[in-house]
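So the structure is just underneath, and the comments pick up after that.
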Amino acid sequence: MRILRQIRYKPAKVVGGYADRILRVDLDTKEITIQELPPDFKSKYIGGRGYALKIIWDGTTRQTRYDSPDNILVMASGPLGNEPAFPGTGKFIVGTISPLTDTFIDSNIGGHFGPLLKRAGFDALAVSGISKEDVVILIDGDAQTITIAAAPAYDDETNDGALSFGERLLKDVNGGEYSDSLAAVTVGKGASNARFGVVNSLFFDVRRKRIRSKQAGRGGTGTVMRYKGLRGIVVRSSLSKVNGNNAIDKEGVRQAGSRLKAVVSRCDPQQLHMATWGTTGLSEYMDKFHIFPINNYQYGHSPQSPNLFGNVFLEKYFSRKIPDGCYYGCNLACAKGAENVELTRGPKVGKVVNIDGPEYETVGAVSSMGIFDPHFVMEYNWYCDEYGIDTISTGVTISFFMECCQRGFLSADDIGYELTFGNIQAVDRLLHEIASGKGFGKIVGQGVARGKKWVAQKYASRNGTSEDAVMAELNKFGMEVKGLEFSMYITKESLAQQGGYGFALKGPQHDEAWLIFIDQVHKELPTLEHKANALKWFPLIRTWFNATGLCKLPWIDVRNPEAASTAEPAKNLPTLAYYVSYLNATTGSNKSLQDVLDDSERLYILQKLINLRHRKGSRASDQIPWRAIGPAYFNEYEARAEYYDEWLQQQLGDNKLPASPEQRHKLLMEKRIEAYQQLCDIVYEKKGFTSEGIPKRETVEKFGLMDEQAKQLLSQLGI
Amino acid sequence: MVASIRFLGMQRVIANTDGIDMPITGNTKVNDILEYVRRQYPALQLEEGMVLVTVNLEAASLDRILRDKDTISFLPLIAGG
C-alpha cells in the first residue's frame with residue numbers, strides 16, 4: 001500500500017474503561033492528531049453516542065450536511081465495551097450528520113472493532129475532511145503507528161464489495177492470514193449511490209474460521225464514510241482481551257458478569273431462544289399480534305408469514321450449536337449465520353457465500369415488500385451487506401414505491417417495469433440498480449422522504465394537481481419520520497410505540513423505545529400518563545447502553561424472573577442492577593440507577609439541541625405518517641374492522657358507532673390523530689420541553705449544556 | 001366447552017404441533033390449562049416469571065376463568081431489541 005501519511009505513537013493504557021484519548025484524522029490535509037481528553041469529558045459525555053454528540057455539536061454547524069468537508073464521522077466505544085466477563089460488550093457507535101435526516105444520526109454496531117480501538121489506545125476516532133483519492137486508515141497498536149494509505153486496488157468485484165474488500169484488506173495487512181487481533185470497518189459501492197449506505201464491521205470468528213460482519217445500518221453512516229473517500233479502517237492490537245477495560249474492581253466485574261450470564265443461561269432457553277435462532281424468532285410473534293410490516297405496513301399478518309418464521313431459518317440455513325456472540329463472552333450469542341449458501345439471483349448468481357444473519361429487521365424488510373421466500377431473504381441479506389446498504393431502508397423505500405404503484409401515483413412506465421408487492425424479479429432488479437445508481441435505483445436510493453417529493457412532482461405535473469395535495473396523500477403511507485425510514489414494527493395498535501417512533505431523536509428506529517408489547521399486549525400503560533412516563537424512562541436507559549458500548553439485548557430481551565415481583569416488570573430492574581454494578585466496578589464510580597439516567601438525559605438533551613440546530617427538533621418533526629397512527633386506508637381498516645370498531649366504541653362510551661364502515665373508519669382516524677397530539681403534549685411536559693417540543697432553558701441548564709451555541713440557538717427559537 | 005392452546009415459536013417446535021384443544025368447564029382457570037400443558041409437555045419448561053400467559057392475545061392472570069373458545073398462549077416477555 002502506498003503510504004500517504006504515517007505517525008508513530010505510544011498507545012495509552014486503558015484504565016477504568018477509558019484511554020482518555022481521541023484519534024483525529026483529517027482526510028483533506030492528511031493530518032493525524034491525538035487529542036488528550038480533560039478529566040470532566042468522560043464524566044459528562046460517558047462514551048459512545050455521548051462522545052459522538054459532543055464532537056458533532058462542537059465541530060459542525062447548522063450548515064453542515066453529510067457531504068460537507070466539515071462533517072465528522074465518529075466511531076466510539078464506551079467504558080464498558082471491552083470485557084469478555086460480561087455478556088453483550090463490544091458494541092461501538094458510528095455517529096455523523098446523516099444524508100437521510102440532515103441531522104445527527106448514530107447507529108450501534110457489534111464486532112471487535114470497538115474493543116480493539118480501545119486496546120490500541122483510543123476511546124474514539126473522529127474523521128473529518130474529504131480525501132481526493134480513496135484511502136484506508138491503519139491503526140496499529142502493536143507497531144505503534146497510525147497510517148493513512150491509498151486504498152489498495154483489487155479487481156472490480158473485490159473493490160465494489162464491502163465484505164469482499166474488507167476480507168482481502170484484513171488478510172493483506174496481516175501477511176496473508178486472518179487473526180482476531182485485527183478488525184476492520186468498510187463500505188461498499190452501494191454507499192456511493194444510495195443515501196442509506198452502511199458501515200460494515202468485520203472480524204475474524206475463530207470458531208467459524210471465517211470473517212464475519214455486523215452493520216451500523218441506520219441513517220447512511222456508510223454513505224458519509226464513502227463520500228469522504230474512506231474505504232476502510234483496520235485496527236490491530238495483540239493486548240489481551242481479558243480485563244480489556246482494566247477495571248478498577250476486577251472482582252466486582254466478575255461477580256456482575258457471572259450474575260447476568262446465569263440469568264441469560266437459565267432464561268433464554270425458556271424465552272426467546274436467541275442463542276438458537278437469533279432474532280428471527282420474532283417474526284412469528286410479530287405476525288401473531290399484527291405487527292409484521294407486510295406490504296409497506298398495511299397488514300400485520302399473513303397466511304404466508306410462516307415461511308419467514310425462525311424455525312425455517314434454523315432448519316434450512318443456520319449453523320447449529322456454534323456459540324455466536326459478536327464479541328467474546330456473550331452467552332446470549334444471537335449473531336447467527338450460515339455457510340455455503342448458493343446465490344440463485346442477481347449478478348453473482350451461482351456464487352456460494354457465507355451469510356451473517358438474517359436479523360429480524362431484514363426478515364421484516366422483505367415482508368414489507370410482500371415477499372415470503374426465505375431464500376430470497378438470505379440473498380437480499382448478503383447483497384445488501386456486500387453492497388453496503390441498509391436492509392431496512394432499502395426494503396421500506398422499495399415498498400413505498402410499490403404502494404405508489406398500487407394506489408396509482410406511479411405506473412410501470414415511470415419505473416421501467418412492473419413494481420408490485422411480492423414481485424421478487426422486480427425487487428431483485430431494483431436492489432442492484434440501487435447499489436449501482438442506475439435506472440429507477442437512482443430515485444429509490446434517495447430514501448422515502450426524497451422519494452415522496454419526486455412522486456409528488458411527477459404526479460402533480462402529469463395530472464394538473466397541486467404538489468401539496470399529492471404530498472398530503474403520500475404522507476399517509478410514506479413510512480419515514482425526520483427523513484429516516486421506520487424499522488420493522490407496525491404501531492397502529494400501540495399509541496405508546498407511535499410515540500416511541502415519533503419522538504425518537506434519530507428518527508423511527510426502535511433503539512430509543514419499543515413499547516408495543518407492554519402497551520398492546522401486557523396493557524401496562526393504560527393512560528397517557530403511563531405512556532408518557534415510559535416514553536421518558538426507556539429512551540434514557542437505552543441511550544445509556546449506546547453510550548457505554550453495551551448491547552441492550554441481555555437486559556431487554558431476557559426477562560429476569562425476579563422482575564415479576566417488581567412494580568414495573570418491563571423495566572427488568574433486577575438485571576439493570578447488574579449493569580450498574582458492572583459500571584461502578586469498571587470505572588470506580590458509585591452511581592445509582594438514577595445517576596445513570598441523569599447522565600443519559602444530558603446526552604438526550606444535547607441530541608435534541610443538535611436536532612433543533614438542524615431544524616429537525618420541534619413538534620412538527622415528531623409527526624408520524626397516518627399509517628403509523630391507524631389504518632390509513634379503508635382496506636387496512638376492513639382487514640381488522642372488528643378490532644378497530646371495538647376500540648372506537650371504547651372511545652365513544654355510550655354514544656353509538658356511526659352506521660357505515662366508511663364513517664367509522666373516518667372517525668377512528670380522527671380520534672387516533674387527536675390521541676397522538678395529546679400524547680405529544682404530555683410527553684413534552686414530562687421531558688421539560690415547551691409544547692413545541694423545545695427544551696426549556698432550565699432543562700438545558702440543569703445538565704450543564706448552556707454553552708454559547710445553546711444560548712444563541714434557544715434565543716433564536718424564542719426560548 | 002373447549003379452550004384452544006396455541007404453541008408459538010420454539011414451543012411449537014418442541015411440542016411438534018401448532019396447538020391442542022382442551023375441554024373446559026365453567027370453573028376452569030388459566031392455571032388449570034398451564035398445569036395441563038406442563039404435564040403433557042414437560043420439555044416446554046413453563047416456569048413462573050418466564051412467560052406471559054395470554055388469553056385471546058391479551059395478558060391474563062392465572063386465576064382468570066376461561067370461556068368457551070378462548071385461546072391461550074404462553075409468550076416470551078418480548079420487550080424489543
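In the C-alpha cells, chains take letters A, B, ... by order of appearance, with residues numbered from 1 within each chain and ligands from 1 in the order shown.
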Considering only C-alpha atoms, tabulate each residue of chain B that lies at most 8 Å from chain A along with its nearest interatomic pair and the corresponding distance in Å to one decimal; arrange the rows by chain and ascending residue number and present them as JSON lines.
{"residue": "B:Leu8", "atom": "CA", "partner": "A:Glu284", "partner_atom": "CA", "distance": 7.2}
{"residue": "B:Gly9", "atom": "CA", "partner": "A:Gly281", "partner_atom": "CA", "distance": 6.4}
{"residue": "B:Met10", "atom": "CA", "partner": "A:His273", "partner_atom": "CA", "distance": 7.3}
{"residue": "B:Val13", "atom": "CA", "partner": "A:Asn311", "partner_atom": "CA", "distance": 7.5}
{"residue": "B:Leu44", "atom": "CA", "partner": "A:Gln270", "partner_atom": "CA", "distance": 7.6}
{"residue": "B:Gln45", "atom": "CA", "partner": "A:Gln270", "partner_atom": "CA", "distance": 6.3}
{"residue": "B:Leu46", "atom": "CA", "partner": "A:Gln270", "partner_atom": "CA", "distance": 7.1}
{"residue": "B:Glu47", "atom": "CA", "partner": "A:Gln270", "partner_atom": "CA", "distance": 8.0}
{"residue": "B:Glu48", "atom": "CA", "partner": "A:Pro561", "partner_atom": "CA", "distance": 7.5}
{"residue": "B:Gly49", "atom": "CA", "partner": "A:Pro561", "partner_atom": "CA", "distance": 4.6}
{"residue": "B:Met50", "atom": "CA", "partner": "A:Pro561", "partner_atom": "CA", "distance": 5.9}
{"residue": "B:Val51", "atom": "CA", "partner": "A:Gln271", "partner_atom": "CA", "distance": 6.8}
{"residue": "B:Leu57", "atom": "CA", "partner": "A:Val521", "partner_atom": "CA", "distance": 6.7}
{"residue": "B:Glu58", "atom": "CA", "partner": "A:Val521", "partner_atom": "CA", "distance": 5.0}
{"residue": "B:Ala59", "atom": "CA", "partner": "A:His522", "partner_atom": "CA", "distance": 5.0}
{"residue": "B:Leu75", "atom": "CA", "partner": "A:Gln271", "partner_atom": "CA", "distance": 7.6}
{"residue": "B:Pro76", "atom": "CA", "partner": "A:Gln271", "partner_atom": "CA", "distance": 4.5}
{"residue": "B:Leu77", "atom": "CA", "partner": "A:Arg559", "partner_atom": "CA", "distance": 6.4}
{"residue": "B:Ile78", "atom": "CA", "partner": "A:Asp557", "partner_atom": "CA", "distance": 6.0}
{"residue": "B:Ala79", "atom": "CA", "partner": "A:Ile556", "partner_atom": "CA", "distance": 5.8}
{"residue": "B:Gly80", "atom": "CA", "partner": "A:Trp514", "partner_atom": "CA", "distance": 5.2}
{"residue": "B:Gly81", "atom": "CA", "partner": "A:Leu553", "partner_atom": "CA", "distance": 5.7}
Convert the current residue selection to file output with C-alpha atoms, as a PDB file, in the first residue's frame.
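Writing the result to part08.pdb gives the following:
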ATOM      1  CA  LEU B   8     -45.719 -20.337  19.268  1.00  0.00           C
ATOM      2  CA  GLY B   9     -42.048 -20.097  18.475  1.00  0.00           C
ATOM      3  CA  MET B  10     -39.815 -22.769  19.954  1.00  0.00           C
ATOM      4  CA  VAL B  13     -41.056 -26.847  17.532  1.00  0.00           C
ATOM      5  CA  LEU B  44     -41.629 -26.850  27.429  1.00  0.00           C
ATOM      6  CA  GLN B  45     -40.310 -25.552  30.772  1.00  0.00           C
ATOM      7  CA  LEU B  46     -43.094 -23.074  31.524  1.00  0.00           C
ATOM      8  CA  GLU B  47     -41.625 -21.666  34.725  1.00  0.00           C
ATOM      9  CA  GLU B  48     -43.362 -18.891  36.595  1.00  0.00           C
ATOM     10  CA  GLY B  49     -41.961 -15.480  35.743  1.00  0.00           C
ATOM     11  CA  MET B  50     -40.506 -16.759  32.469  1.00  0.00           C
ATOM     12  CA  VAL B  51     -43.543 -16.436  30.237  1.00  0.00           C
ATOM     13  CA  LEU B  57     -53.935 -12.220  22.669  1.00  0.00           C
ATOM     14  CA  GLU B  58     -54.147 -10.177  25.859  1.00  0.00           C
ATOM     15  CA  ALA B  59     -52.227 -10.728  29.085  1.00  0.00           C
ATOM     16  CA  LEU B  75     -45.344 -15.988  25.298  1.00  0.00           C
ATOM     17  CA  PRO B  76     -41.802 -14.943  25.972  1.00  0.00           C
ATOM     18  CA  LEU B  77     -41.605 -11.496  27.565  1.00  0.00           C
ATOM     19  CA  ILE B  78     -40.757  -9.591  24.414  1.00  0.00           C
ATOM     20  CA  ALA B  79     -39.518  -6.086  25.012  1.00  0.00           C
ATOM     21  CA  GLY B  80     -37.786  -5.101  21.816  1.00  0.00           C
ATOM     22  CA  GLY B  81     -34.169  -5.212  20.696  1.00  0.00           C
TER      23      GLY B  81
END
Exercise: stretch 5-7 of chain B partners within 8 Å, only C-alpha atoms, chain neighbours under 4 positions left out, as a list in words:
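The neighbour list is Gln11, Arg12, Ala15, Thr17, Asp18, Gly19, Ile20, Asp21, Met22, Thr71, Ile72, Ser73 and Phe74 of chain B.
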Export C-alpha atoms of the chosen residues as a tab-separated table (two decimals), in the first residue's frame?
chain	number	residue	atom	x	y	z
B	11	GLN	CA	-42.77	-24.19	21.90
B	12	ARG	CA	-44.30	-25.17	18.58
B	15	ALA	CA	-44.34	-29.74	21.09
B	17	THR	CA	-47.79	-29.15	16.97
B	18	ASP	CA	-49.39	-25.73	16.43
B	19	GLY	CA	-51.72	-26.32	19.32
B	20	ILE	CA	-54.17	-28.51	21.13
B	21	ASP	CA	-57.73	-28.21	22.36
B	22	MET	CA	-58.73	-28.89	25.94
B	71	THR	CA	-57.36	-19.15	23.02
B	72	ILE	CA	-54.41	-19.40	25.42
B	73	SER	CA	-50.73	-18.83	24.62
B	74	PHE	CA	-47.54	-18.73	26.66
Mind checking DSSP for stretch 295-499 of chain A and telling me the strand (DSSP E or B) residues as a PyMOL selection string?
chain A and resi 299+324+334+337-342+352-356+389+480-481+484-485
File dump, residues just selected, N, CA and C atoms, as an mmCIF file, in the first residue's frame:
data_model
loop_
_atom_site.group_PDB
_atom_site.id
_atom_site.type_symbol
_atom_site.label_atom_id
_atom_site.label_comp_id
_atom_site.auth_asym_id
_atom_site.auth_seq_id
_atom_site.Cartn_x
_atom_site.Cartn_y
_atom_site.Cartn_z
ATOM 1 N N TYR A 299 -50.661 -4.469 6.360
ATOM 2 C CA TYR A 299 -51.237 -5.593 7.099
ATOM 3 C C TYR A 299 -50.195 -6.189 8.028
ATOM 4 N N ASP A 324 -22.416 -17.965 19.095
ATOM 5 C CA ASP A 324 -22.337 -16.941 18.074
ATOM 6 C C ASP A 324 -22.347 -15.528 18.624
ATOM 7 N N CYS A 334 -26.475 -14.314 19.842
ATOM 8 C CA CYS A 334 -27.593 -14.261 18.887
ATOM 9 C C CYS A 334 -27.149 -13.949 17.461
ATOM 10 N N GLY A 337 -25.573 -17.163 11.710
ATOM 11 C CA GLY A 337 -25.040 -17.067 10.358
ATOM 12 C C GLY A 337 -25.140 -18.396 9.634
ATOM 13 N N ALA A 338 -24.874 -18.346 8.342
ATOM 14 C CA ALA A 338 -24.975 -19.550 7.510
ATOM 15 C C ALA A 338 -23.770 -19.624 6.590
ATOM 16 N N GLU A 339 -23.320 -20.836 6.342
ATOM 17 C CA GLU A 339 -22.202 -21.036 5.425
ATOM 18 C C GLU A 339 -22.696 -21.722 4.153
ATOM 19 N N ASN A 340 -21.962 -21.460 3.075
ATOM 20 C CA ASN A 340 -22.156 -22.178 1.798
ATOM 21 C C ASN A 340 -23.581 -22.065 1.254
ATOM 22 N N VAL A 341 -24.061 -20.866 1.168
ATOM 23 C CA VAL A 341 -25.385 -20.615 0.579
ATOM 24 C C VAL A 341 -25.181 -20.197 -0.871
ATOM 25 N N GLU A 342 -25.883 -20.854 -1.778
ATOM 26 C CA GLU A 342 -25.706 -20.534 -3.199
ATOM 27 C C GLU A 342 -26.680 -19.436 -3.616
ATOM 28 N N VAL A 352 -21.197 -19.200 -4.212
ATOM 29 C CA VAL A 352 -21.512 -19.768 -2.896
ATOM 30 C C VAL A 352 -20.909 -18.836 -1.836
ATOM 31 N N VAL A 353 -21.747 -18.367 -0.922
ATOM 32 C CA VAL A 353 -21.315 -17.319 0.016
ATOM 33 C C VAL A 353 -21.625 -17.716 1.460
ATOM 34 N N ASN A 354 -20.942 -17.042 2.366
ATOM 35 C CA ASN A 354 -21.273 -17.123 3.794
ATOM 36 C C ASN A 354 -22.114 -15.899 4.144
ATOM 37 N N ILE A 355 -23.147 -16.107 4.927
ATOM 38 C CA ILE A 355 -24.082 -15.014 5.216
ATOM 39 C C ILE A 355 -24.191 -14.826 6.726
ATOM 40 N N ASP A 356 -24.033 -13.591 7.164
ATOM 41 C CA ASP A 356 -24.237 -13.268 8.578
ATOM 42 C C ASP A 356 -25.614 -12.668 8.744
ATOM 43 N N ILE A 389 -25.473 -1.484 1.922
ATOM 44 C CA ILE A 389 -26.688 -0.670 2.085
ATOM 45 C C ILE A 389 -27.585 -1.286 3.159
ATOM 46 N N GLU A 480 -41.664 7.224 6.910
ATOM 47 C CA GLU A 480 -40.462 7.896 7.411
ATOM 48 C C GLU A 480 -40.864 8.998 8.377
ATOM 49 N N VAL A 481 -39.948 9.308 9.283
ATOM 50 C CA VAL A 481 -40.062 10.475 10.156
ATOM 51 C C VAL A 481 -38.669 11.111 10.231
ATOM 52 N N LEU A 484 -35.821 9.453 8.157
ATOM 53 C CA LEU A 484 -35.377 8.065 8.352
ATOM 54 C C LEU A 484 -36.558 7.109 8.186
ATOM 55 N N GLU A 485 -36.316 6.004 7.511
ATOM 56 C CA GLU A 485 -37.365 5.007 7.316
ATOM 57 C C GLU A 485 -37.618 4.254 8.632
#
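Near B:Leu62, within 12 Å and counting only C-alpha atoms, sit Thr28, Lys29, Val30, Asn31, Asp32, Ile33, Leu34, Glu35, Glu48, Gly49, Val51, Leu52, Val53, Thr54, Val55, Ile72 and Phe74 of chain B, not including residues fewer than 6 positions from it in the same chain.
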Which parts of stretch 476-551 of chain A does DSSP call alpha helix (DSSP H) when run on the backbone here, written out as an MDAnalysis selection string?
chainID A and resid 476:477 495:502 516 528:548
Go ahead and save the picked residues with C-alpha atoms, as a compact mmCIF listing (two decimals), in the first residue's frame.
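result20.txt, written as the output of this step:
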# COMPACT_ATOMS: atom_id res chain seq x y z
CA LYS A 476 -50.26 8.92 4.83
CA PHE A 477 -48.16 5.92 3.82
CA LEU A 495 -50.16 4.61 20.91
CA ALA A 496 -47.09 4.34 23.15
CA GLN A 497 -44.97 2.98 20.31
CA GLN A 498 -46.31 5.65 17.96
CA GLY A 499 -44.56 7.99 20.37
CA GLY A 500 -41.62 5.61 20.57
CA TYR A 501 -41.05 6.21 16.89
CA GLY A 502 -42.26 9.81 16.61
CA ILE A 516 -45.56 -2.31 21.73
CA LEU A 528 -51.46 8.82 28.68
CA GLU A 529 -49.56 9.44 31.91
CA HIS A 530 -48.25 5.85 31.94
CA LYS A 531 -47.29 6.05 28.29
CA ALA A 532 -45.53 9.39 28.77
CA ASN A 533 -43.56 8.09 31.74
CA ALA A 534 -42.41 5.11 29.68
CA LEU A 535 -41.54 7.42 26.80
CA LYS A 536 -39.24 9.34 29.09
CA TRP A 537 -37.68 6.43 31.00
CA PHE A 538 -36.95 3.93 28.24
CA PRO A 539 -35.16 6.33 25.86
CA LEU A 540 -32.91 7.39 28.74
CA ILE A 541 -31.82 3.92 29.79
CA ARG A 542 -31.48 2.83 26.17
CA THR A 543 -29.34 5.88 25.42
CA TRP A 544 -27.05 4.81 28.25
CA PHE A 545 -26.44 1.45 26.58
CA ASN A 546 -25.41 3.29 23.42
CA ALA A 547 -23.04 5.49 25.39
CA THR A 548 -21.27 2.71 27.26
What lies within 12 Å of A:Gly395 using only C-alpha atoms, ignoring chain neighbours under 5 positions off, as number ranges by chain?
A: 196, 293-297, 361-371, 377, 380-381, 384, 389-390, 400-402, 421-422, 427-428, 430-431, 434, 444-445, 447-448, 479, 485-488
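In this comparison, which uses only C-alpha atoms, the residue of A:Asp156, A:Asp20, A:Asp413, A:Asp287 approaching A:Ser77 most closely is A:Asp20.
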Close residues, A:Asp599 itself excluded, 10 Å, only C-alpha atoms, min 2 positions apart in chain, as a list in words
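Final neighbour list, sorted by chain and number: Ser43, Lys44, Tyr45, Ile46, Gly50, Leu540, Ile541, Thr543, Trp544, Ala547, Leu593, Gln594, Asp595, Val596, Leu597, Glu601, Arg602, Leu603, Tyr604 and Phe703 of chain A.
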Quick one: residues within 9 Å of A:Arg195, only C-alpha atoms, excluding same-chain residues fewer than 3 positions away - as number ranges by chain?
A: 98-100, 190-192, 219-224, 389, 445-447
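Taking atom CA of A:Ala120 and atom CA of A:Ile137 as endpoints, the distance between them is 13.5 Å.
When only C-alpha atoms are used to measure the gap to A:Lys228, the shortest distance among A:Leu53, A:Leu125, A:Ile72, A:Val185 belongs to A:Ile72.
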Tell me, in Å to one decimal, how far atom CA of A:Val173 is from atom CA of A:Gln144.
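It comes out at 14.5 Å.
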Interatomic distance, atom CA of A:Leu182 to atom CA of A:Gly388 (Å, one decimal):
20.4 Å
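Closest approach to A:Asp134 from the set A:Ile146, A:Leu27, A:Asp102, A:Pro39 is made by A:Leu27, with distances taken over only C-alpha atoms.
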Counting only C-alpha atoms, which residue out of B:Pro42, B:Asn27, B:Asp70, B:Arg64 sits closest to B:Ala3?
B:Asp70
